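J.: This is start-v1.cif, which holds mmCIF, C-alpha atoms:
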```
data_work
loop_
_atom_site.label_atom_id
_atom_site.label_comp_id
_atom_site.auth_asym_id
_atom_site.auth_seq_id
_atom_site.Cartn_x
_atom_site.Cartn_y
_atom_site.Cartn_z
CA MET A 1 161.79 229.61 108.08
CA THR A 2 165.13 231.32 107.58
CA ASP A 3 165.88 232.87 104.20
CA MET A 4 167.30 229.62 102.83
CA GLN A 5 167.64 226.08 104.20
CA THR A 6 169.44 223.01 102.84
CA HIS A 7 168.33 219.45 103.53
CA ALA A 8 169.68 215.98 102.79
CA SER A 9 168.59 213.87 99.82
CA SER A 10 166.38 211.83 102.17
CA ASP A 11 163.86 214.67 101.84
CA PHE A 12 163.22 213.67 98.21
CA VAL A 13 160.54 211.19 97.12
CA ALA A 14 162.32 208.11 95.78
CA VAL A 15 160.75 205.16 93.96
CA PRO A 16 162.34 202.14 92.23
CA GLY A 17 163.72 203.05 88.82
CA ASN A 18 163.95 206.77 89.63
CA PRO A 19 166.88 207.17 92.05
CA VAL A 20 167.87 210.49 93.57
CA PRO A 21 170.91 211.81 91.64
CA GLU A 22 174.17 211.63 93.57
CA GLY A 23 174.82 214.72 95.68
CA ALA A 24 171.31 216.17 95.22
CA GLU A 25 170.10 218.51 97.97
CA VAL A 26 166.72 219.99 98.78
CA ILE A 27 166.92 223.78 99.07
CA TRP A 28 164.08 225.68 100.73
CA PHE A 29 163.82 229.43 100.17
CA GLU A 30 161.24 232.11 100.85
CA GLY A 31 159.05 233.30 98.01
CA SER A 32 156.30 235.90 97.73
CA GLU A 33 154.12 236.43 100.79
CA GLY A 34 156.42 234.25 102.90
CA ARG A 35 155.72 231.03 100.98
CA ASN A 36 158.15 228.16 101.43
CA LEU A 37 159.48 227.13 98.02
CA ARG A 38 161.41 223.94 97.26
CA ALA A 39 164.34 223.58 94.87
CA CYS A 40 166.80 220.82 94.07
CA MET A 41 170.51 221.50 93.62
CA ILE A 42 172.69 218.80 92.04
CA PRO A 43 176.44 219.44 91.71
CA ALA A 44 178.29 218.60 88.52
CA ARG A 45 179.99 215.21 88.58
CA ASN A 46 183.39 216.69 87.74
CA LYS A 47 183.64 219.64 90.09
CA ALA A 48 187.01 220.63 88.64
CA ASP A 49 185.63 221.05 85.12
CA VAL A 50 182.01 222.25 85.30
CA ARG A 51 180.37 223.11 81.99
CA GLY A 52 177.81 225.43 83.59
CA THR A 53 174.39 225.17 85.23
CA ALA A 54 171.22 223.81 83.65
CA ILE A 55 168.10 225.43 85.14
CA VAL A 56 165.14 223.08 84.78
CA CYS A 57 161.72 224.77 84.74
CA PRO A 58 158.97 222.11 84.98
CA GLY A 59 155.47 222.33 83.57
CA ARG A 60 152.10 222.67 85.25
CA SER A 61 151.37 220.04 87.91
CA GLU A 62 154.96 218.74 87.75
CA PHE A 63 157.56 218.46 90.49
CA ILE A 64 161.28 217.98 91.05
CA GLU A 65 161.40 214.18 91.20
CA LYS A 66 159.79 213.81 87.78
CA TYR A 67 162.93 215.37 86.29
CA PHE A 68 165.59 213.15 87.86
CA ARG A 69 166.14 211.28 84.57
CA THR A 70 166.38 214.58 82.69
CA ALA A 71 168.88 215.74 85.31
CA GLU A 72 171.02 212.65 84.65
CA GLN A 73 171.19 213.61 80.95
CA LEU A 74 172.37 217.08 81.94
CA LEU A 75 174.89 215.71 84.46
CA ASP A 76 176.25 213.44 81.71
CA ARG A 77 176.89 216.60 79.68
CA GLY A 78 178.96 218.17 82.47
CA PHE A 79 176.39 220.52 84.03
CA ALA A 80 175.32 221.26 87.56
CA VAL A 81 171.50 221.17 87.74
CA LEU A 82 168.85 223.26 89.47
CA ILE A 83 165.19 222.13 89.44
CA LEU A 84 162.32 224.14 90.93
CA ASP A 85 158.95 223.35 92.47
CA TRP A 86 156.83 226.34 91.46
CA PRO A 87 154.62 228.15 93.99
CA GLY A 88 151.45 226.06 94.28
CA GLN A 89 153.07 222.88 92.94
CA GLY A 90 155.09 219.92 94.14
CA LEU A 91 155.97 220.32 97.80
CA SER A 92 156.24 224.11 97.66
CA ASP A 93 153.49 225.92 99.56
CA ARG A 94 150.14 225.92 97.78
CA LEU A 95 148.24 229.14 97.20
CA LEU A 96 144.85 227.82 98.33
CA PRO A 97 143.66 225.69 101.27
CA ASP A 98 142.51 223.05 98.75
CA ARG A 99 145.84 221.52 97.65
CA GLY A 100 144.23 219.96 94.59
CA LYS A 101 143.45 223.21 92.82
CA GLY A 102 145.91 224.26 90.13
CA HIS A 103 145.89 227.96 90.91
CA ILE A 104 148.06 231.03 90.44
CA ASP A 105 147.21 234.68 90.99
CA ARG A 106 149.50 235.96 88.21
CA PHE A 107 152.53 234.65 86.34
CA GLU A 108 154.69 237.29 87.98
CA THR A 109 154.51 235.08 91.11
CA PHE A 110 156.17 232.25 89.17
CA MET A 111 158.68 234.62 87.57
CA ALA A 112 159.63 236.13 90.92
CA ALA A 113 160.20 232.65 92.36
CA LEU A 114 162.58 231.85 89.49
CA ALA A 115 164.48 235.12 89.85
CA LYS A 116 164.70 234.88 93.63
CA GLY A 117 165.82 231.25 93.60
CA LEU A 118 168.60 232.05 91.13
CA ALA A 119 169.68 235.05 93.18
CA LYS A 120 169.76 233.13 96.46
CA LEU A 121 171.81 230.30 94.96
CA GLU A 122 174.02 232.46 92.72
CA ASP A 123 177.26 231.40 94.42
CA ARG A 124 176.45 227.72 93.78
CA LEU A 125 175.36 228.03 90.15
CA PRO A 126 178.42 228.17 87.90
CA ARG A 127 178.14 230.09 84.65
CA PRO A 128 177.15 229.82 81.88
CA HIS A 129 173.46 229.17 82.58
CA VAL A 130 171.23 227.18 80.23
CA ALA A 131 167.46 227.17 80.80
CA LEU A 132 165.59 223.95 79.98
CA SER A 133 161.87 224.58 80.26
CA HIS A 134 158.81 222.44 79.64
CA SER A 135 155.25 223.57 78.93
CA MET A 136 154.16 226.11 81.58
CA GLY A 137 157.80 226.40 82.63
CA GLY A 138 158.45 227.64 79.10
CA ALA A 139 155.96 230.46 79.60
CA ILE A 140 157.60 231.41 82.89
CA ALA A 141 161.13 231.31 81.48
CA LEU A 142 160.31 233.21 78.26
CA ALA A 143 158.45 235.93 80.17
CA ALA A 144 161.30 236.24 82.70
CA MET A 145 163.79 236.57 79.84
CA ALA A 146 161.61 239.11 77.99
CA GLU A 147 161.32 241.20 81.15
CA ASP A 148 165.06 240.91 81.94
CA LEU A 149 164.37 239.22 85.28
CA VAL A 150 166.88 236.44 84.62
CA LYS A 151 170.05 236.16 82.58
CA VAL A 152 170.89 232.91 80.81
CA GLU A 153 173.32 232.19 78.00
CA ALA A 154 171.06 229.75 76.11
CA ALA A 155 167.49 228.44 76.38
CA ALA A 156 165.80 225.19 75.34
CA PHE A 157 162.01 225.01 75.28
CA CYS A 158 160.17 221.67 75.29
CA ALA A 159 156.55 221.97 74.09
CA PRO A 160 156.33 225.45 75.64
CA MET A 161 152.97 226.81 76.75
CA TRP A 162 152.87 230.04 74.74
CA GLY A 163 149.19 229.49 73.94
CA ILE A 164 146.62 226.87 74.90
CA LYS A 165 143.98 225.09 72.89
CA GLN A 166 140.75 226.93 73.65
CA PRO A 167 137.84 224.50 74.11
CA VAL A 168 134.90 226.78 73.35
CA PHE A 169 134.06 229.87 71.32
CA GLY A 170 134.32 232.99 73.47
CA PHE A 171 136.74 231.30 75.86
CA ARG A 172 138.55 234.54 76.73
CA TYR A 173 135.28 236.27 77.61
CA LEU A 174 134.19 233.29 79.74
CA VAL A 175 137.43 233.38 81.73
CA TRP A 176 137.12 237.15 82.21
CA ALA A 177 133.50 236.82 83.35
CA MET A 178 134.30 234.12 85.90
CA ARG A 179 137.03 236.23 87.43
CA VAL A 180 134.83 239.34 87.54
CA MET A 181 132.17 237.27 89.36
CA GLY A 182 134.72 236.38 92.04
CA ARG A 183 135.19 232.78 90.94
CA SER A 184 138.96 232.94 90.33
CA THR A 185 139.65 230.21 92.89
CA ASP A 186 136.96 227.83 91.57
CA TYR A 187 137.87 224.87 89.40
CA ALA A 188 137.43 225.67 85.71
CA GLN A 189 136.79 221.94 85.25
CA GLN A 190 135.85 219.56 88.05
CA PRO A 191 138.28 216.69 88.78
CA GLY A 192 137.40 213.58 86.83
CA PRO A 193 138.23 209.90 87.23
CA PRO A 194 141.92 209.00 87.68
CA GLU A 195 143.93 208.99 84.47
CA THR A 196 145.01 205.65 83.04
CA PHE A 197 147.84 205.05 80.59
CA GLU A 198 145.26 204.41 77.89
CA THR A 199 143.48 207.73 78.50
CA ASN A 200 146.62 209.87 78.90
CA ILE A 201 147.43 212.40 76.16
CA VAL A 202 150.99 213.37 77.14
CA THR A 203 153.24 210.36 76.40
CA HIS A 204 153.43 207.08 74.48
CA ASP A 205 155.92 205.71 77.01
CA ARG A 206 154.27 203.51 79.62
CA GLU A 207 157.39 203.35 81.82
CA HIS A 208 157.61 207.14 82.22
CA TRP A 209 153.85 207.38 82.76
CA GLN A 210 154.00 204.70 85.47
CA MET A 211 157.00 206.31 87.13
CA ASN A 212 155.03 209.54 87.57
CA ARG A 213 152.09 207.59 89.00
CA ASP A 214 154.42 205.74 91.40
CA LEU A 215 155.81 209.06 92.67
CA THR A 216 152.39 210.54 93.39
CA ASP A 217 151.23 207.26 94.98
CA ALA A 218 154.28 207.39 97.25
CA LYS A 219 153.66 211.05 98.14
CA PRO A 220 150.07 212.16 97.42
CA ASP A 221 151.01 215.75 98.40
CA LEU A 222 152.74 215.97 95.01
CA LEU A 223 149.41 215.68 93.20
CA LEU A 224 147.75 218.67 91.58
CA GLY A 225 144.30 218.68 90.02
CA PRO A 226 142.65 220.77 87.30
CA VAL A 227 143.20 224.50 86.95
CA THR A 228 141.14 227.35 88.35
CA TRP A 229 139.62 230.25 86.46
CA GLY A 230 142.34 232.38 88.04
CA TRP A 231 145.07 230.19 86.52
CA LEU A 232 143.44 230.48 83.10
CA GLY A 233 143.17 234.25 83.42
CA ALA A 234 146.81 234.57 84.46
CA SER A 235 147.82 232.42 81.47
CA LEU A 236 145.91 234.57 79.01
CA GLN A 237 147.60 237.65 80.46
CA ILE A 238 151.09 236.20 79.98
CA PHE A 239 150.24 235.16 76.41
CA ALA A 240 149.51 238.83 75.76
CA VAL A 241 153.15 239.59 76.66
CA PHE A 242 154.30 237.09 74.03
CA ALA A 243 152.17 238.89 71.44
CA LYS A 244 154.48 241.90 71.74
CA ALA A 245 156.97 241.24 68.95
CA ARG A 246 159.38 243.90 70.19
CA LYS A 247 159.90 242.11 73.51
CA ILE A 248 160.54 238.75 71.85
CA ARG A 249 162.98 240.16 69.28
CA ARG A 250 165.10 241.55 72.14
CA ILE A 251 165.93 237.99 73.27
CA GLY A 252 169.15 237.60 71.33
CA LEU A 253 170.63 234.50 72.97
CA PRO A 254 170.65 231.08 71.24
CA VAL A 255 167.28 229.32 71.60
CA MET A 256 165.92 225.89 70.70
CA ILE A 257 162.20 225.11 70.52
CA ALA A 258 160.93 221.52 70.37
CA THR A 259 157.31 221.07 69.24
CA ALA A 260 155.40 217.82 69.80
CA GLU A 261 153.81 216.62 66.57
CA GLU A 262 150.86 215.00 68.40
CA GLU A 263 150.19 217.92 70.73
CA LYS A 264 146.81 218.06 72.51
CA LEU A 265 147.36 220.76 75.15
CA VAL A 266 149.38 223.77 73.99
CA GLU A 267 149.08 225.78 70.79
CA ASN A 268 151.82 224.77 68.35
CA ASP A 269 151.17 227.76 66.07
CA ALA A 270 152.54 229.98 68.84
CA HIS A 271 155.86 228.11 68.61
CA THR A 272 156.12 228.90 64.92
CA ARG A 273 155.27 232.56 65.41
CA ILE A 274 157.72 233.12 68.27
CA ALA A 275 160.47 231.11 66.56
CA GLY A 276 160.14 233.53 63.64
CA LEU A 277 160.72 236.50 65.95
CA LEU A 278 163.73 235.17 67.86
CA PRO A 279 167.02 236.27 66.26
CA ASP A 280 168.91 233.00 66.96
CA CYS A 281 166.53 230.04 67.07
CA GLU A 282 166.29 226.42 65.89
CA HIS A 283 162.73 225.08 65.84
CA ILE A 284 162.24 221.31 65.56
CA ASN A 285 159.11 219.21 65.23
CA VAL A 286 159.50 215.97 67.20
CA THR A 287 157.91 213.34 65.01
CA GLY A 288 155.26 211.22 66.70
CA ALA A 289 155.69 212.86 70.11
CA ARG A 290 152.99 213.85 72.53
CA HIS A 291 153.23 216.84 74.88
CA GLU A 292 155.79 215.49 77.37
CA ILE A 293 158.68 215.04 74.93
CA LEU A 294 161.21 214.48 77.73
CA MET A 295 159.03 211.65 79.09
CA GLU A 296 158.45 210.09 75.68
CA LYS A 297 159.88 206.93 74.09
CA GLU A 298 163.62 206.94 73.51
CA ASP A 299 163.57 207.73 69.79
CA LYS A 300 161.55 210.88 70.45
CA ARG A 301 163.68 211.96 73.40
CA ALA A 302 166.74 211.47 71.22
CA GLN A 303 165.44 214.09 68.77
CA PHE A 304 165.21 216.60 71.62
CA TRP A 305 168.67 215.88 73.01
CA ALA A 306 170.30 216.06 69.58
CA ALA A 307 168.82 219.56 69.14
CA PHE A 308 169.86 220.47 72.69
CA ASP A 309 173.46 219.54 71.88
CA ARG A 310 173.32 221.67 68.74
CA LEU A 311 172.09 224.55 70.92
CA LEU A 312 175.13 224.20 73.17
CA GLU A 313 177.39 224.26 70.11
CA ARG A 314 175.74 227.45 68.82
CA ALA A 315 176.10 229.03 72.26
CA LYS A 316 179.74 227.85 72.51
CA ILE A 317 179.01 226.22 75.88
#
```
For this file, produce the structure as structure tokens.
T.:
Amino acid sequence: MTDMQTHASSDFVAVPGNPVPEGAEVIWFEGSEGRNLRACMIPARNKADVRGTAIVCPGRSEFIEKYFRTAEQLLDRGFAVLILDWPGQGLSDRLLPDRGKGHIDRFETFMAALAKGLAKLEDRLPRPHVALSHSMGGAIALAAMAEDLVKVEAAAFCAPMWGIKQPVFGFRYLVWAMRVMGRSTDYAQQPGPPETFETNIVTHDREHWQMNRDLTDAKPDLLLGPVTWGWLGASLQIFAVFAKARKIRRIGLPVMIATAEEEKLVENDAHTRIAGLLPDCEHINVTGARHEILMEKEDKRAQFWAAFDRLLERAKI
């Protein structure tokens, strides 16, 4: 492929109840090792009075189309919107021949994709920039900010993955041992039966859960299965960066962190610790919410968006 290609909105996966935002374009750009990476660019509704650009960083296993409703909230607030499919996710090139494996070699691959995408689209991304990151996207964004790979004027984190719940004693040693034995690309947990709404642990909202299922039914290539030992090892390495208080304290821009009260996946204590290090941070606990706060019931989403609006006020955006 050429360095960057733009395609019509017909290249998106559309299902009833989740329309493609007006003016949205698929952008393909080249990532590490020649991988084709997919992004979505949505212009602000009022092109004469753009508030800035919201950069949406999805979580693990997620993809652009899942964030169309979030994009509409940002468009309503006057922003242009950029959403990324990470390397190995969505319709971006996967890292392994088995598309189902949730794998990454190191988080620097994600961080480089974010930095390169922003650089390639710089002329189309009006300032100021606000990062809105969920789960694994929160780890990517925070690490990129700590390492000065990206420059944003404010950052909102939704249930960020700054630590994960460790299922067994000696988990770190187990991950290390599996990688040393050359099993980085093996599943850490074999795929199980398909999730149902009743067995899901990420949202109370059946409509959002069903919308995600409809999207992956319409385009099975969007699906991603359990993680590999390599993904777990890369995650533990990036958590070690967050343990360096000096790096976190250097992030002086306005930040908002939203923690899900009924969290089952990421480590909420890490939110409290990092919030205490950030010089300009509001940390909220979203009452009754599971991990995917932006895909939760309306009353829980409202708590997030109220804090997001306060963030914009603090940042004078």
J.: Running the PyMOL selection byres ((chain A and resi 129) around 9) on this model by hand, what would come out? Give it as a compact mmCIF listing (two decimals) with C-alpha atoms, keeping the file's coordinate frame.
T.:
```txt
# COMPACT_ATOMS: atom_id res chain seq x y z
CA GLY A 52 177.81 225.43 83.59
CA THR A 53 174.39 225.17 85.23
CA ALA A 54 171.22 223.81 83.65
CA ILE A 55 168.10 225.43 85.14
CA LEU A 125 175.36 228.03 90.15
CA PRO A 126 178.42 228.17 87.90
CA ARG A 127 178.14 230.09 84.65
CA PRO A 128 177.15 229.82 81.88
CA VAL A 130 171.23 227.18 80.23
CA ALA A 131 167.46 227.17 80.80
CA LYS A 151 170.05 236.16 82.58
CA VAL A 152 170.89 232.91 80.81
CA GLU A 153 173.32 232.19 78.00
CA ALA A 154 171.06 229.75 76.11
CA ALA A 155 167.49 228.44 76.38
```
J.: State, in Å with one decimal place, the distance from CA of Pro16 in chain A to CA of Pro220 in chain A.
T.: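 Distance reported for this atom pair: 16.7 Å.
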J.: Go through A:Arg60, A:Arg51, A:Lys66, A:Lys120 and flag the residue nearest Val20 in chain A, using all atoms listed in the file for the distances.
T.: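 Comparing A:Arg60, A:Arg51, A:Lys66, A:Lys120 against Val20 in chain A, the winner is A:Lys66.
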J.: Which of these residues is nearest to Pro226 in chain A, using only C-alpha atoms: A:Arg94, A:Arg106, A:Arg38, A:Lys101?
T.: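 That would be A:Lys101, the residue with the smallest distance to Pro226 in chain A.
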J.: Select, counting only C-alpha atoms, all protein, DNA and RNA residues no farther than 12 Å from (170.3, 231.7, 67.4) in file coordinates, and express the selection as a PyMOL selection string.
T.: chain A and resi 153-156+249+251-257+275-283+310-316
J.: Applying 9 Å and all atoms listed in the file, which residues near Leu118 in chain A remain after dropping the ones on its own chain fewer than 4 positions away? List them as a ChimeraX atom specification.
T.: /A:55,82,113-114,122,125,150
J.: Can I get the selection written as a PDB file, keeping the file's coordinate frame, with C-alpha atoms?
T.:
```pdb
ATOM      1  CA  ILE A  55     168.100 225.430  85.140  1.00  0.00           C
ATOM      2  CA  LEU A  82     168.850 223.260  89.470  1.00  0.00           C
ATOM      3  CA  ALA A 113     160.200 232.650  92.360  1.00  0.00           C
ATOM      4  CA  LEU A 114     162.580 231.850  89.490  1.00  0.00           C
ATOM      5  CA  GLU A 122     174.020 232.460  92.720  1.00  0.00           C
ATOM      6  CA  LEU A 125     175.360 228.030  90.150  1.00  0.00           C
ATOM      7  CA  VAL A 150     166.880 236.440  84.620  1.00  0.00           C
TER       8      VAL A 150
END
```
J.: Given the file shown, determine the residues that the PyMOL selection byres ((chain A and resi 215) around 8) selects; report them as a list in words.
T.: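 Those residues are Val13, Ala14, Val15, Glu65, Lys66, Met211, Asn212, Arg213, Asp214, Thr216, Asp217, Ala218, Lys219 and Leu222 of chain A.
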J.: Counting only C-alpha atoms, find the residues whose atoms lie at most 6 Å from (158.5, 224.6, 97.1) (file coordinates) and write them out as a compact mmCIF listing (two decimals) with C-alpha atoms, keeping the file's coordinate frame.
T.:
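This is the output file result.txt:
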```txt
# COMPACT_ATOMS: atom_id res chain seq x y z
CA ASN A 36 158.15 228.16 101.43
CA LEU A 37 159.48 227.13 98.02
CA ARG A 38 161.41 223.94 97.26
CA ASP A 85 158.95 223.35 92.47
CA LEU A 91 155.97 220.32 97.80
CA SER A 92 156.24 224.11 97.66
CA ASP A 93 153.49 225.92 99.56
```
J.: Between A:Glu262, A:Ile104, A:Asp205, A:Cys40, which one has atoms that come closest to Met295 in chain A, using only C-alpha atoms?
T.: A:Asp205
J.: When you count all atoms listed in the file, which of these residues is closest to Pro97 in chain A: A:Thr185, A:Ser133, A:Gln190, A:Thr259?
T.: A:Thr185
J.: For Trp28 in chain A, which residue out of A:Ala260, A:Ala177, A:Leu84, A:Val286 is the nearest one, using all atoms listed in the file?
T.: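 So, comparing all the options, the nearest one is A:Leu84.
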J.: Go through A:Cys57, A:Ala289, A:Ile64, A:Ala258 and flag the residue nearest Val26 in chain A, using only C-alpha atoms for the distances.
T.: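 Smallest separation from Val26 in chain A among the options: A:Ile64.
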J.: Could you tell me how far CA of Phe197 in chain A lies from CA of Leu224 in chain A, in Å and to one decimal?
T.: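 CA of Phe197 in chain A sits 17.5 Å away from CA of Leu224 in chain A.
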J.: Near Ala188 in chain A, counting only C-alpha atoms, which residues have an atom at most 10 Å away, once you skip same-chain residues fewer than 2 positions from it, shown as a VMD selection string?
T.: chain A and resid 101 to 102 175 178 183 to 186 190 to 191 226 to 232
J.: What is the distance, in Å and to one decimal place, between CA of Ala119 in chain A and CA of Gly23 in chain A?
T.: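 A separation of 21.1 Å between them.
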J.: Excluding His204 in chain A and its own-chain neighbours fewer than 2 positions away, which residues fall within 12 Å of it when counting all atoms listed in the file? Please give them as a count of residues only.
T.: 28
J.: Kindly output range 79-108 of chain A as a PDB file, in the coordinates of the input, after building N, CA and C atoms.
T.:
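Below you can see selection-v3.pdb, which holds the result:
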```pdb
ATOM      1  N   PHE A  79     177.024 219.392  83.349  1.00  0.00           N
ATOM      2  CA  PHE A  79     176.390 220.520  84.030  1.00  0.00           C
ATOM      3  C   PHE A  79     176.102 220.224  85.493  1.00  0.00           C
ATOM      4  N   ALA A  80     176.061 221.285  86.304  1.00  0.00           N
ATOM      5  CA  ALA A  80     175.320 221.260  87.560  1.00  0.00           C
ATOM      6  C   ALA A  80     173.860 221.518  87.196  1.00  0.00           C
ATOM      7  N   VAL A  81     172.934 221.102  88.077  1.00  0.00           N
ATOM      8  CA  VAL A  81     171.500 221.170  87.740  1.00  0.00           C
ATOM      9  C   VAL A  81     170.720 221.794  88.886  1.00  0.00           C
ATOM     10  N   LEU A  82     169.813 222.699  88.530  1.00  0.00           N
ATOM     11  CA  LEU A  82     168.850 223.260  89.470  1.00  0.00           C
ATOM     12  C   LEU A  82     167.454 222.965  88.941  1.00  0.00           C
ATOM     13  N   ILE A  83     166.581 222.405  89.803  1.00  0.00           N
ATOM     14  CA  ILE A  83     165.190 222.130  89.440  1.00  0.00           C
ATOM     15  C   ILE A  83     164.300 222.797  90.483  1.00  0.00           C
ATOM     16  N   LEU A  84     163.197 223.390  90.036  1.00  0.00           N
ATOM     17  CA  LEU A  84     162.320 224.140  90.930  1.00  0.00           C
ATOM     18  C   LEU A  84     160.950 223.500  91.057  1.00  0.00           C
ATOM     19  N   ASP A  85     160.380 223.569  92.259  1.00  0.00           N
ATOM     20  CA  ASP A  85     158.950 223.350  92.470  1.00  0.00           C
ATOM     21  C   ASP A  85     158.304 224.733  92.501  1.00  0.00           C
ATOM     22  N   TRP A  86     157.452 225.023  91.527  1.00  0.00           N
ATOM     23  CA  TRP A  86     156.830 226.340  91.460  1.00  0.00           C
ATOM     24  C   TRP A  86     155.913 226.590  92.651  1.00  0.00           C
ATOM     25  N   PRO A  87     155.651 227.853  92.989  1.00  0.00           N
ATOM     26  CA  PRO A  87     154.620 228.150  93.990  1.00  0.00           C
ATOM     27  C   PRO A  87     153.312 227.457  93.599  1.00  0.00           C
ATOM     28  N   GLY A  88     152.713 226.744  94.556  1.00  0.00           N
ATOM     29  CA  GLY A  88     151.450 226.060  94.280  1.00  0.00           C
ATOM     30  C   GLY A  88     151.601 224.694  93.675  1.00  0.00           C
ATOM     31  N   GLN A  89     152.837 224.188  93.547  1.00  0.00           N
ATOM     32  CA  GLN A  89     153.070 222.880  92.940  1.00  0.00           C
ATOM     33  C   GLN A  89     154.081 222.087  93.746  1.00  0.00           C
ATOM     34  N   GLY A  90     154.138 220.780  93.455  1.00  0.00           N
ATOM     35  CA  GLY A  90     155.090 219.920  94.140  1.00  0.00           C
ATOM     36  C   GLY A  90     154.912 220.016  95.639  1.00  0.00           C
ATOM     37  N   LEU A  91     156.025 220.170  96.356  1.00  0.00           N
ATOM     38  CA  LEU A  91     155.970 220.320  97.800  1.00  0.00           C
ATOM     39  C   LEU A  91     156.175 221.767  98.243  1.00  0.00           C
ATOM     40  N   SER A  92     156.273 222.696  97.297  1.00  0.00           N
ATOM     41  CA  SER A  92     156.240 224.110  97.660  1.00  0.00           C
ATOM     42  C   SER A  92     154.856 224.443  98.219  1.00  0.00           C
ATOM     43  N   ASP A  93     154.774 225.525  98.991  1.00  0.00           N
ATOM     44  CA  ASP A  93     153.490 225.920  99.560  1.00  0.00           C
ATOM     45  C   ASP A  93     152.459 226.152  98.459  1.00  0.00           C
ATOM     46  N   ARG A  94     151.252 225.675  98.700  1.00  0.00           N
ATOM     47  CA  ARG A  94     150.140 225.920  97.780  1.00  0.00           C
ATOM     48  C   ARG A  94     149.536 227.289  98.055  1.00  0.00           C
ATOM     49  N   LEU A  95     148.820 227.807  97.059  1.00  0.00           N
ATOM     50  CA  LEU A  95     148.240 229.140  97.200  1.00  0.00           C
ATOM     51  C   LEU A  95     146.846 229.116  97.808  1.00  0.00           C
ATOM     52  N   LEU A  96     146.205 227.941  97.816  1.00  0.00           N
ATOM     53  CA  LEU A  96     144.850 227.820  98.330  1.00  0.00           C
ATOM     54  C   LEU A  96     144.774 226.713  99.377  1.00  0.00           C
ATOM     55  N   PRO A  97     143.810 226.765 100.285  1.00  0.00           N
ATOM     56  CA  PRO A  97     143.660 225.690 101.270  1.00  0.00           C
ATOM     57  C   PRO A  97     143.417 224.324 100.626  1.00  0.00           C
ATOM     58  N   ASP A  98     142.726 224.292  99.492  1.00  0.00           N
ATOM     59  CA  ASP A  98     142.510 223.050  98.750  1.00  0.00           C
ATOM     60  C   ASP A  98     143.755 222.774  97.905  1.00  0.00           C
ATOM     61  N   ARG A  99     144.580 221.813  98.333  1.00  0.00           N
ATOM     62  CA  ARG A  99     145.840 221.520  97.650  1.00  0.00           C
ATOM     63  C   ARG A  99     145.631 221.049  96.213  1.00  0.00           C
ATOM     64  N   GLY A 100     144.449 220.533  95.916  1.00  0.00           N
ATOM     65  CA  GLY A 100     144.230 219.960  94.590  1.00  0.00           C
ATOM     66  C   GLY A 100     144.034 220.975  93.490  1.00  0.00           C
ATOM     67  N   LYS A 101     143.746 222.222  93.844  1.00  0.00           N
ATOM     68  CA  LYS A 101     143.450 223.210  92.820  1.00  0.00           C
ATOM     69  C   LYS A 101     144.721 223.765  92.184  1.00  0.00           C
ATOM     70  N   GLY A 102     144.788 223.705  90.867  1.00  0.00           N
ATOM     71  CA  GLY A 102     145.910 224.260  90.130  1.00  0.00           C
ATOM     72  C   GLY A 102     145.704 225.752  89.940  1.00  0.00           C
ATOM     73  N   HIS A 103     146.217 226.532  90.881  1.00  0.00           N
ATOM     74  CA  HIS A 103     145.890 227.960  90.910  1.00  0.00           C
ATOM     75  C   HIS A 103     147.158 228.808  90.908  1.00  0.00           C
ATOM     76  N   ILE A 104     147.045 229.982  90.301  1.00  0.00           N
ATOM     77  CA  ILE A 104     148.060 231.030  90.440  1.00  0.00           C
ATOM     78  C   ILE A 104     147.341 232.363  90.326  1.00  0.00           C
ATOM     79  N   ASP A 105     147.829 233.356  91.055  1.00  0.00           N
ATOM     80  CA  ASP A 105     147.210 234.680  90.990  1.00  0.00           C
ATOM     81  C   ASP A 105     147.641 235.422  89.727  1.00  0.00           C
ATOM     82  N   ARG A 106     148.946 235.338  89.422  1.00  0.00           N
ATOM     83  CA  ARG A 106     149.500 235.960  88.210  1.00  0.00           C
ATOM     84  C   ARG A 106     150.844 235.307  87.940  1.00  0.00           C
ATOM     85  N   PHE A 107     151.277 235.324  86.697  1.00  0.00           N
ATOM     86  CA  PHE A 107     152.530 234.650  86.340  1.00  0.00           C
ATOM     87  C   PHE A 107     153.740 235.345  86.937  1.00  0.00           C
ATOM     88  N   GLU A 108     153.584 236.597  87.326  1.00  0.00           N
ATOM     89  CA  GLU A 108     154.690 237.290  87.980  1.00  0.00           C
ATOM     90  C   GLU A 108     155.103 236.578  89.271  1.00  0.00           C
TER      91      GLU A 108
END
```
